[in-house]
$ cat upload_34.cif   # mmCIF, C-alpha atoms and all ligand atoms
data_final
#
loop_
_atom_site.label_atom_id
_atom_site.label_comp_id
_atom_site.auth_asym_id
_atom_site.auth_seq_id
_atom_site.Cartn_x
_atom_site.Cartn_y
_atom_site.Cartn_z
CA MET A 1 -124.28 -39.74 259.09
CA LYS A 2 -121.44 -37.67 257.64
CA HIS A 3 -121.52 -33.90 257.73
CA SER A 4 -120.05 -31.35 255.32
CA ASN A 5 -119.88 -27.62 254.88
CA ILE A 6 -120.74 -26.00 251.57
CA PRO A 7 -118.11 -23.26 251.62
CA ILE A 8 -119.09 -20.00 249.97
CA PHE A 9 -116.17 -17.58 250.03
CA ILE A 10 -117.15 -13.99 250.54
CA GLN A 11 -113.97 -12.11 249.74
CA HIS A 12 -112.72 -9.07 251.68
CA MET A 13 -116.05 -7.28 251.13
CA GLY A 14 -116.51 -4.59 253.72
CA CYS A 15 -113.20 -5.28 255.38
CA PRO A 16 -111.25 -2.08 256.01
CA ASN A 17 -108.54 -3.94 257.92
CA GLN A 18 -105.08 -4.85 256.74
CA CYS A 19 -103.94 -7.86 258.73
CA VAL A 20 -100.29 -8.42 257.85
CA PHE A 21 -100.87 -12.04 256.80
CA CYS A 22 -103.96 -11.48 254.68
CA ASP A 23 -104.26 -11.59 250.96
CA GLN A 24 -107.94 -12.34 250.82
CA HIS A 25 -108.00 -12.87 247.05
CA THR A 26 -105.28 -15.45 247.43
CA ILE A 27 -106.75 -17.31 250.35
CA THR A 28 -110.24 -17.71 249.00
CA GLY A 29 -109.52 -17.86 245.29
CA ALA A 30 -112.76 -15.90 244.90
CA HIS A 31 -113.01 -12.79 242.80
CA SER A 32 -116.65 -11.89 242.62
CA PHE A 33 -119.91 -12.42 244.39
CA CYS A 34 -123.51 -12.38 243.23
CA GLU A 35 -126.57 -14.10 244.58
CA GLU A 36 -127.10 -16.21 241.46
CA SER A 37 -123.54 -17.52 241.56
CA VAL A 38 -123.95 -18.36 245.25
CA ARG A 39 -127.12 -20.30 244.41
CA ARG A 40 -125.32 -22.12 241.61
CA ASP A 41 -122.44 -23.03 243.95
CA ILE A 42 -124.82 -24.29 246.63
CA ASP A 43 -126.88 -26.33 244.15
CA ALA A 44 -123.75 -27.83 242.59
CA ALA A 45 -122.42 -28.81 246.02
CA LEU A 46 -125.78 -30.25 247.12
CA ALA A 47 -125.83 -32.47 244.04
CA THR A 48 -122.66 -34.18 245.29
CA MET A 49 -123.68 -34.56 248.94
CA GLY A 50 -125.53 -37.87 248.80
CA ASP A 51 -127.01 -38.54 252.24
CA ARG A 52 -124.61 -36.22 254.07
CA THR A 53 -126.01 -33.47 256.24
CA CYS A 54 -124.56 -30.07 255.43
CA GLU A 55 -124.43 -26.40 256.29
CA ILE A 56 -123.98 -23.40 254.06
CA ALA A 57 -120.72 -21.86 255.26
CA TYR A 58 -120.04 -18.22 254.45
CA PHE A 59 -116.28 -18.22 254.86
CA GLY A 60 -113.35 -16.16 253.73
CA GLY A 61 -114.02 -12.70 255.05
CA SER A 62 -115.78 -10.82 257.78
CA PHE A 63 -119.35 -11.78 257.02
CA THR A 64 -121.01 -9.55 259.59
CA GLY A 65 -118.98 -6.58 258.31
CA ILE A 66 -120.09 -6.75 254.68
CA ASP A 67 -122.72 -4.49 253.18
CA ARG A 68 -125.79 -4.97 255.37
CA GLU A 69 -128.22 -5.55 252.53
CA GLN A 70 -125.98 -8.21 250.99
CA MET A 71 -125.48 -9.87 254.36
CA LEU A 72 -129.25 -10.08 254.85
CA ARG A 73 -129.73 -11.48 251.34
CA LEU A 74 -127.20 -14.19 252.02
CA LEU A 75 -128.77 -15.01 255.38
CA GLU A 76 -132.19 -15.20 253.73
CA LEU A 77 -130.77 -17.48 251.07
CA GLY A 78 -129.41 -19.77 253.79
CA GLN A 79 -132.77 -19.67 255.55
CA GLU A 80 -134.58 -20.62 252.33
CA TYR A 81 -132.35 -23.71 251.82
CA THR A 82 -132.73 -24.61 255.50
CA GLU A 83 -136.53 -24.37 255.43
CA ARG A 84 -136.56 -26.57 252.33
CA GLY A 85 -134.62 -29.16 254.33
CA ALA A 86 -131.68 -29.06 251.90
CA VAL A 87 -129.20 -27.95 254.59
CA CYS A 88 -129.19 -27.87 258.40
CA GLY A 89 -128.40 -24.17 258.63
CA ILE A 90 -125.78 -21.49 258.20
CA ARG A 91 -122.22 -21.19 259.43
CA LEU A 92 -120.31 -17.94 258.98
CA SER A 93 -116.90 -16.54 259.74
CA THR A 94 -116.24 -13.06 261.03
CA ARG A 95 -114.03 -10.90 263.22
CA PRO A 96 -114.61 -10.53 266.96
CA ASP A 97 -115.11 -6.77 266.68
CA TYR A 98 -117.86 -7.29 264.10
CA ILE A 99 -120.06 -8.97 266.69
CA SER A 100 -122.31 -6.45 268.45
CA PRO A 101 -125.65 -6.69 270.27
CA GLU A 102 -127.31 -5.53 267.03
CA ILE A 103 -125.58 -8.21 264.94
CA VAL A 104 -126.52 -10.87 267.48
CA GLU A 105 -130.15 -9.73 267.27
CA ILE A 106 -130.02 -10.15 263.48
CA LEU A 107 -128.32 -13.56 263.64
CA LEU A 108 -130.97 -14.80 266.06
CA GLN A 109 -133.58 -14.40 263.29
CA TYR A 110 -131.79 -16.99 261.13
CA PRO A 111 -130.84 -20.68 261.44
CA ILE A 112 -127.22 -20.10 262.49
CA CYS A 113 -125.39 -23.34 263.34
CA ALA A 114 -122.16 -21.59 264.36
CA VAL A 115 -120.22 -18.37 264.11
CA GLU A 116 -116.53 -18.89 263.39
CA LEU A 117 -114.56 -16.12 265.06
CA GLY A 118 -111.15 -15.14 263.72
CA ILE A 119 -109.66 -14.75 267.18
CA GLN A 120 -106.09 -15.41 265.97
CA SER A 121 -104.53 -14.48 269.34
CA MET A 122 -105.57 -13.35 272.81
CA ASP A 123 -102.28 -11.49 273.22
CA ASP A 124 -102.62 -7.76 272.50
CA ARG A 125 -98.95 -7.50 271.52
CA VAL A 126 -99.45 -10.15 268.85
CA LEU A 127 -102.71 -8.59 267.64
CA ALA A 128 -101.00 -5.18 267.32
CA ALA A 129 -97.94 -6.60 265.55
CA SER A 130 -100.28 -8.41 263.13
CA ARG A 131 -102.29 -5.19 262.59
CA ARG A 132 -105.50 -7.01 263.38
CA GLY A 133 -107.24 -3.81 264.41
CA HIS A 134 -108.99 -5.33 267.42
CA SER A 135 -108.00 -6.26 270.94
CA ALA A 136 -108.34 -9.36 273.11
CA ALA A 137 -111.04 -7.48 275.05
CA ASP A 138 -113.10 -7.25 271.84
CA THR A 139 -112.91 -11.05 271.59
CA VAL A 140 -113.97 -11.53 275.20
CA GLN A 141 -116.98 -9.28 274.54
CA ALA A 142 -117.90 -11.04 271.26
CA CYS A 143 -117.77 -14.48 272.89
CA LYS A 144 -119.88 -13.25 275.80
CA LEU A 145 -122.55 -11.86 273.44
CA LEU A 146 -122.70 -15.07 271.41
CA ARG A 147 -122.63 -17.33 274.47
CA GLU A 148 -125.43 -15.40 276.19
CA ALA A 149 -127.50 -15.50 272.99
CA GLY A 150 -127.00 -19.27 272.74
CA ILE A 151 -125.24 -19.00 269.35
CA PRO A 152 -122.46 -21.63 269.16
CA PHE A 153 -119.06 -20.27 268.16
CA VAL A 154 -115.79 -21.72 266.93
CA GLY A 155 -112.47 -20.10 267.85
CA GLN A 156 -110.02 -19.82 264.97
CA MET A 157 -106.45 -19.11 266.04
CA MET A 158 -103.12 -18.71 264.31
CA ILE A 159 -99.71 -20.10 265.22
CA GLY A 160 -96.48 -18.20 264.60
CA LEU A 161 -97.80 -14.66 264.13
CA PRO A 162 -95.34 -11.76 264.65
CA GLU A 163 -94.43 -11.38 268.35
CA SER A 164 -96.14 -14.67 269.15
CA SER A 165 -94.60 -17.48 271.21
CA GLY A 166 -95.57 -21.00 272.15
CA GLN A 167 -96.71 -19.70 275.53
CA SER A 168 -98.91 -16.96 274.11
CA GLU A 169 -100.48 -19.57 271.79
CA THR A 170 -101.27 -22.04 274.55
CA GLU A 171 -102.74 -19.14 276.58
CA THR A 172 -104.91 -18.22 273.58
CA ALA A 173 -106.12 -21.83 273.30
CA LYS A 174 -107.03 -21.86 277.01
CA CYS A 175 -108.96 -18.60 276.60
CA ILE A 176 -110.86 -19.98 273.59
CA CYS A 177 -111.89 -22.99 275.69
CA SER A 178 -112.79 -21.02 278.80
CA MET A 179 -114.86 -18.54 276.77
CA GLY A 180 -117.11 -21.42 275.71
CA ALA A 181 -116.12 -22.25 272.13
CA CYS A 182 -117.82 -25.34 270.66
CA GLY A 183 -114.88 -25.98 268.34
CA ALA A 184 -111.53 -24.66 267.21
CA ARG A 185 -109.40 -24.29 264.12
CA ILE A 186 -105.62 -23.97 264.16
CA TYR A 187 -103.86 -22.13 261.34
CA PRO A 188 -100.05 -22.07 261.34
CA CYS A 189 -99.08 -18.77 259.72
CA ILE A 190 -98.27 -18.99 256.00
CA VAL A 191 -96.68 -16.00 254.29
CA PHE A 192 -98.44 -15.12 251.03
CA GLN A 193 -97.06 -12.99 248.25
CA HIS A 194 -98.12 -9.35 248.19
CA THR A 195 -98.76 -9.13 251.93
CA ALA A 196 -97.20 -6.95 254.60
CA LEU A 197 -95.86 -10.14 256.17
CA ALA A 198 -93.93 -10.96 252.99
CA ASP A 199 -92.36 -7.49 253.23
CA MET A 200 -91.49 -8.20 256.87
CA VAL A 201 -89.73 -11.41 255.82
CA ARG A 202 -87.78 -9.52 253.16
CA SER A 203 -86.75 -6.84 255.66
CA GLY A 204 -85.75 -9.46 258.22
CA SER A 205 -88.28 -8.33 260.85
CA TYR A 206 -90.22 -11.62 260.69
CA SER A 207 -89.00 -15.19 260.34
CA PRO A 208 -91.53 -17.75 259.19
CA MET A 209 -91.79 -20.99 261.14
CA SER A 210 -90.33 -24.22 259.84
CA VAL A 211 -92.70 -27.15 259.34
CA GLU A 212 -91.29 -28.80 262.49
CA GLU A 213 -91.83 -25.66 264.56
CA ALA A 214 -95.40 -25.36 263.29
CA VAL A 215 -96.08 -29.02 264.13
CA ALA A 216 -94.67 -28.72 267.66
CA ARG A 217 -96.48 -25.47 268.47
CA SER A 218 -99.77 -26.60 266.92
CA ALA A 219 -99.59 -29.90 268.83
CA ALA A 220 -99.18 -28.01 272.13
CA VAL A 221 -102.33 -26.06 271.32
CA LEU A 222 -104.24 -29.12 270.13
CA GLU A 223 -103.47 -30.84 273.44
CA ILE A 224 -105.22 -28.01 275.25
CA PHE A 225 -108.31 -28.23 273.06
CA ASP A 226 -108.33 -31.99 273.56
CA ALA A 227 -108.00 -31.66 277.35
CA TRP A 228 -110.98 -29.28 277.41
CA GLY A 229 -113.04 -31.50 275.09
CA VAL A 230 -113.19 -28.79 272.40
CA PRO A 231 -113.09 -30.50 268.99
CA CYS A 232 -110.51 -29.21 266.54
CA LEU A 233 -112.21 -28.95 263.14
CA LYS A 234 -109.15 -28.16 261.04
CA ILE A 235 -105.41 -27.69 261.25
CA GLY A 236 -103.77 -25.69 258.47
CA LEU A 237 -105.13 -24.29 255.23
CA HIS A 238 -106.55 -26.52 252.51
CA ASP A 239 -103.75 -27.75 250.31
CA GLY A 240 -105.38 -26.15 247.28
CA GLN A 241 -105.43 -22.62 248.69
CA GLY A 242 -102.70 -21.33 246.38
CA LEU A 243 -100.02 -23.08 248.40
CA HIS A 244 -98.39 -24.70 245.36
CA ASP A 245 -98.31 -21.54 243.28
CA PRO A 246 -95.12 -19.46 243.61
CA ASP A 247 -97.14 -16.39 242.59
CA THR A 248 -99.22 -16.95 245.73
CA TYR A 249 -97.12 -18.78 248.32
CA PHE A 250 -94.09 -16.91 249.62
CA ALA A 251 -92.83 -18.69 252.74
CA GLY A 252 -93.85 -20.58 255.86
CA PRO A 253 -94.80 -24.05 257.05
CA HIS A 254 -96.60 -25.57 254.10
CA HIS A 255 -96.91 -29.35 254.11
CA PRO A 256 -99.82 -31.27 252.58
CA ALA A 257 -100.07 -33.51 255.65
CA LEU A 258 -99.57 -30.81 258.28
CA GLY A 259 -102.78 -31.58 260.16
CA GLU A 260 -102.00 -35.29 260.28
CA MET A 261 -98.46 -34.55 261.49
CA VAL A 262 -99.82 -32.41 264.34
CA ARG A 263 -102.31 -35.08 265.40
CA SER A 264 -99.56 -37.67 265.13
CA ARG A 265 -97.38 -35.60 267.47
CA VAL A 266 -100.18 -35.52 270.04
CA PHE A 267 -100.34 -39.34 269.89
CA LEU A 268 -96.57 -39.50 270.38
CA HIS A 269 -96.79 -37.33 273.50
CA LYS A 270 -99.62 -39.50 274.87
CA ILE A 271 -97.64 -42.69 274.23
CA GLU A 272 -94.50 -41.24 275.83
CA ALA A 273 -96.47 -40.10 278.89
CA VAL A 274 -97.96 -43.58 279.44
CA LEU A 275 -94.59 -45.27 278.85
CA GLN A 276 -93.05 -43.08 281.53
CA THR A 277 -95.49 -44.45 284.08
CA LEU A 278 -94.58 -48.03 283.13
CA GLY A 279 -90.89 -47.88 284.01
CA GLY A 280 -88.35 -49.76 281.82
CA VAL A 281 -89.58 -51.66 278.76
CA GLN A 282 -86.17 -52.55 277.36
CA GLU A 283 -86.17 -55.75 275.27
CA LYS A 284 -89.94 -56.05 275.81
CA ALA A 285 -92.69 -56.11 273.19
CA ILE A 286 -95.02 -53.11 273.45
CA GLN A 287 -98.58 -53.23 272.18
CA ILE A 288 -100.26 -49.82 271.85
CA ALA A 289 -104.03 -49.64 271.34
CA VAL A 290 -105.41 -46.49 269.69
CA PRO A 291 -108.93 -45.45 268.64
CA ALA A 292 -110.38 -46.87 265.41
CA GLY A 293 -108.98 -45.23 262.30
CA CYS A 294 -105.93 -43.80 264.11
CA ILE A 295 -103.25 -46.42 263.45
CA SER A 296 -101.40 -44.50 260.74
CA MET A 297 -101.67 -41.25 262.69
CA ALA A 298 -100.25 -42.89 265.83
CA THR A 299 -97.52 -44.61 263.80
CA GLY A 300 -96.45 -41.28 262.31
CA GLN A 301 -95.20 -40.18 258.90
CA LYS A 302 -92.60 -42.66 257.68
CA LYS A 303 -93.17 -44.58 260.97
CA GLU A 304 -91.56 -41.64 262.78
CA ASN A 305 -93.37 -42.21 266.11
CA LYS A 306 -92.77 -45.95 266.10
CA LEU A 307 -89.07 -45.55 265.36
CA ARG A 308 -88.70 -42.88 268.02
CA ILE A 309 -90.34 -45.08 270.65
CA LEU A 310 -88.12 -48.02 269.73
CA GLU A 311 -85.01 -45.87 269.89
CA LYS A 312 -85.93 -44.11 273.14
CA THR A 313 -87.07 -47.16 275.08
CA GLY A 314 -84.92 -49.95 273.66
CA ALA A 315 -88.06 -52.05 273.34
CA LYS A 316 -87.84 -55.23 271.26
CA SER A 317 -90.90 -54.35 269.17
CA VAL A 318 -93.78 -51.86 268.97
CA LYS A 319 -97.15 -52.90 267.59
CA ILE A 320 -99.97 -50.38 267.13
CA LEU A 321 -103.49 -51.73 266.86
CA GLU A 322 -107.08 -50.47 267.02
CA ASN A 323 -109.41 -50.60 269.98
CA LYS A 324 -112.93 -49.47 269.08
CA ALA A 325 -113.68 -48.68 272.73
CA LEU A 326 -111.13 -45.84 272.69
CA CYS A 327 -111.81 -42.35 271.36
CA GLY A 328 -110.01 -39.04 270.85
CA TYR A 329 -106.31 -39.37 271.59
CA ASN A 330 -106.75 -41.98 274.31
CA ILE A 331 -104.45 -44.96 274.19
CA THR A 332 -103.61 -48.01 276.25
CA ILE A 333 -100.28 -49.84 276.34
CA ASP A 334 -99.60 -53.49 277.12
CA VAL A 335 -96.07 -54.68 277.76
CA LEU A 336 -95.68 -58.32 276.79
S1 LIG A 401 -110.05 -9.00 258.86
FE1 LIG A 401 -109.96 -10.88 257.67
S2 LIG A 401 -110.39 -10.24 255.58
FE2 LIG A 401 -109.89 -8.38 256.71
S3 LIG A 401 -107.70 -8.07 256.38
FE3 LIG A 401 -107.91 -9.24 258.25
S4 LIG A 401 -107.81 -11.41 257.68
FE4 LIG A 401 -108.17 -10.19 255.81
#

$ encode --input "upload_34.cif" --output "C-alpha cells" --more "lines below"
Ligand code: SF4
Amino acid sequence: MKHSNIPIFIQHMGCPNQCVFCDQHTITGAHSFCEESVRRDIDAALATMGDRTCEIAYFGGSFTGIDREQMLRLLELGQEYTERGAVCGIRLSTRPDYISPEIVEILLQYPICAVELGIQSMDDRVLAASRRGHSAADTVQACKLLREAGIPFVGQMMIGLPESSGQSETETAKCICSMGACGARIYPCIVFQHTALADMVRSGSYSPMSVEEAVARSAAVLEIFDAWGVPCLKIGLHDGQGLHDPDTYFAGPHHPALGEMVRSRVFLHKIEAVLQTLGGVQEKAIQIAVPAGCISMATGQKKENKLRILEKTGAKSVKILENKALCGYNITIDVL
C-alpha cells in the first residue's frame, strides 16, 4: 500500500533564529495559520488519498518551538484524526535545540510517527557560518533523547552551506546514521531572494554550487545513507517551492530532476565499481541488471550513464534491464 504525507506548513512561528539560507515565507508558501484552515487542508488532502495510508506532517518551521498552546492544539488535532483511523499519526519537523526532555515527554502523549530534525550539518564551523544558532552537540543530545524515548527521527541535512565541504558533508551523513536516524533528507543549498545568503553571494563571500557540484556531493552523501541502510526520503526541494519565480529564487543548484540525477549518479558509481572488478570488457556486450523501476535512473539523463560506460570501457554495447530480485542500488553485470 502506498504512503503519503499530508504536509501542513507551519511558517516561522516561534522561530527567533535567522539561518542565512532561510526565507520561511518563500519556502513554505504559507502566510497564515488557523486550526480551521488546517482542518480544511487535511480534509481536502484526505479526499484525494484513495487507499493510501498517510500521516499529518507539520513541516516548514520549528514545530516544537511554536507557541505551546498552538503546538498542543495541532498535536491534539493529529491525535483526533489518528484515533478516527483517517491517518496513521503525526510527523513533524523541528530544530535539534528545540528537543528537550520536556518536549519528549509531551510528544510521547501523541501518536508521533517521526520527528524530522533539521540537522543541516554536524560541523560547528558550518553551523556558525550559516547562523544556525545551535551546535553539533545539541544535535547529538536531541538524537539521544529521541532514540531513548523510542521516537523515530529523520535527519535532514544540507549540501553546500557556507564553509562546508564534501568531507564535512559525508561526515555529517555518517553521524546521522550512527545516531540512529530512521531516514534522511538531502537538501542542496538554494539561495533565495531576501536572505542573508543572497547578500553573501552579492558581496562575493559565498559562491552557490553548480548543479553538477550539487549532484556529485549529494551522491557521495546518498551512498553513505545507502551503505548504512538509512532510506533517503527526499533529495532537493519540491519543484514548486518558488524555484521558478525570480522574485523568490536567487541562485544555486535548481534542476527539476535533481533527485533523479543524484540517484542516477549513485547507480553510475555502482556500475563502475563492478566493471572494475571484471577487468577489460572492450568490444564485449555488457548486460546490467538493476532493481525494478530503476532502468531510466540507471541509464541516466539523456543516456548519460550509458554513454559514459561505453566511452570509458570501449564495450560494444550496454543493455540495462530489470531484475525484480534486486533492490536499492544493487546491480549485477553480465559480460556476453
Ligand atoms: S530555524 Fe528553521 S525556520 Fe528558523 S530561521 Fe532557521 S531554517 Fe528558518

$ closest_residue --input "upload_34.cif" --among "A:Ser37, A:Arg68, A:Thr94, A:Val87" --to "ligand LIG 401 (chain A)" --atoms "only C-alpha atoms and all ligand atoms"
A:Thr94

$ atom_distance --input "upload_34.cif" --atom1 "CA of Lys316 in chain A" --atom2 "CA of Met261 in chain A"
25.2 Å

$ residues_near_ligand --input "upload_34.cif" --ligand "ligand LIG 401 (chain A)" --cutoff "8 Å" --atoms "all atoms listed in the file" --output "VMD selection string"
chain A and resid 11 to 13 15 to 24 60 to 62 94 to 95 118 132

$ closest_residue --input "upload_34.cif" --among "A:Cys175, A:Ile235, A:Ile103, A:Cys88" --to "Ser121 in chain A" --atoms "all atoms listed in the file"
A:Cys175

$ axis_aligned_box --input "upload_34.cif" --around "range 164-177 of chain A" --padding-each-side "6 Å" --output "JSON"
{"center_x": -103.2, "center_y": -18.8, "center_z": 273.1, "size_x": 29.3, "size_y": 20.3, "size_z": 19.9}

$ atom_distance --input "upload_34.cif" --atom1 "CA of Phe59 in chain A" --atom2 "CA of Leu92 in chain A"
5.8 Å

$ atom_distance --input "upload_34.cif" --atom1 "CA of Thr332 in chain A" --atom2 "CA of Val274 in chain A"
7.9 Å

$ closest_residue --input "upload_34.cif" --among "A:Ala136, A:Ala142, A:Ala149, A:Val126" --to "Ile99 in chain A" --atoms "all atoms listed in the file"
A:Ala142

$ residues_around --input "upload_34.cif" --residues "Glu148 in chain A" --least-positions-apart "3" --cutoff "12 Å" --atoms "all atoms listed in the file" --output "PyMOL selection string"
chain A and resi 101+104-105+108+141-145+151-153+179-180

$ closest_residue --input "upload_34.cif" --among "A:Leu307, A:Ala325, A:Ile331, A:Val318" --to "His269 in chain A" --atoms "only C-alpha atoms"
A:Ile331
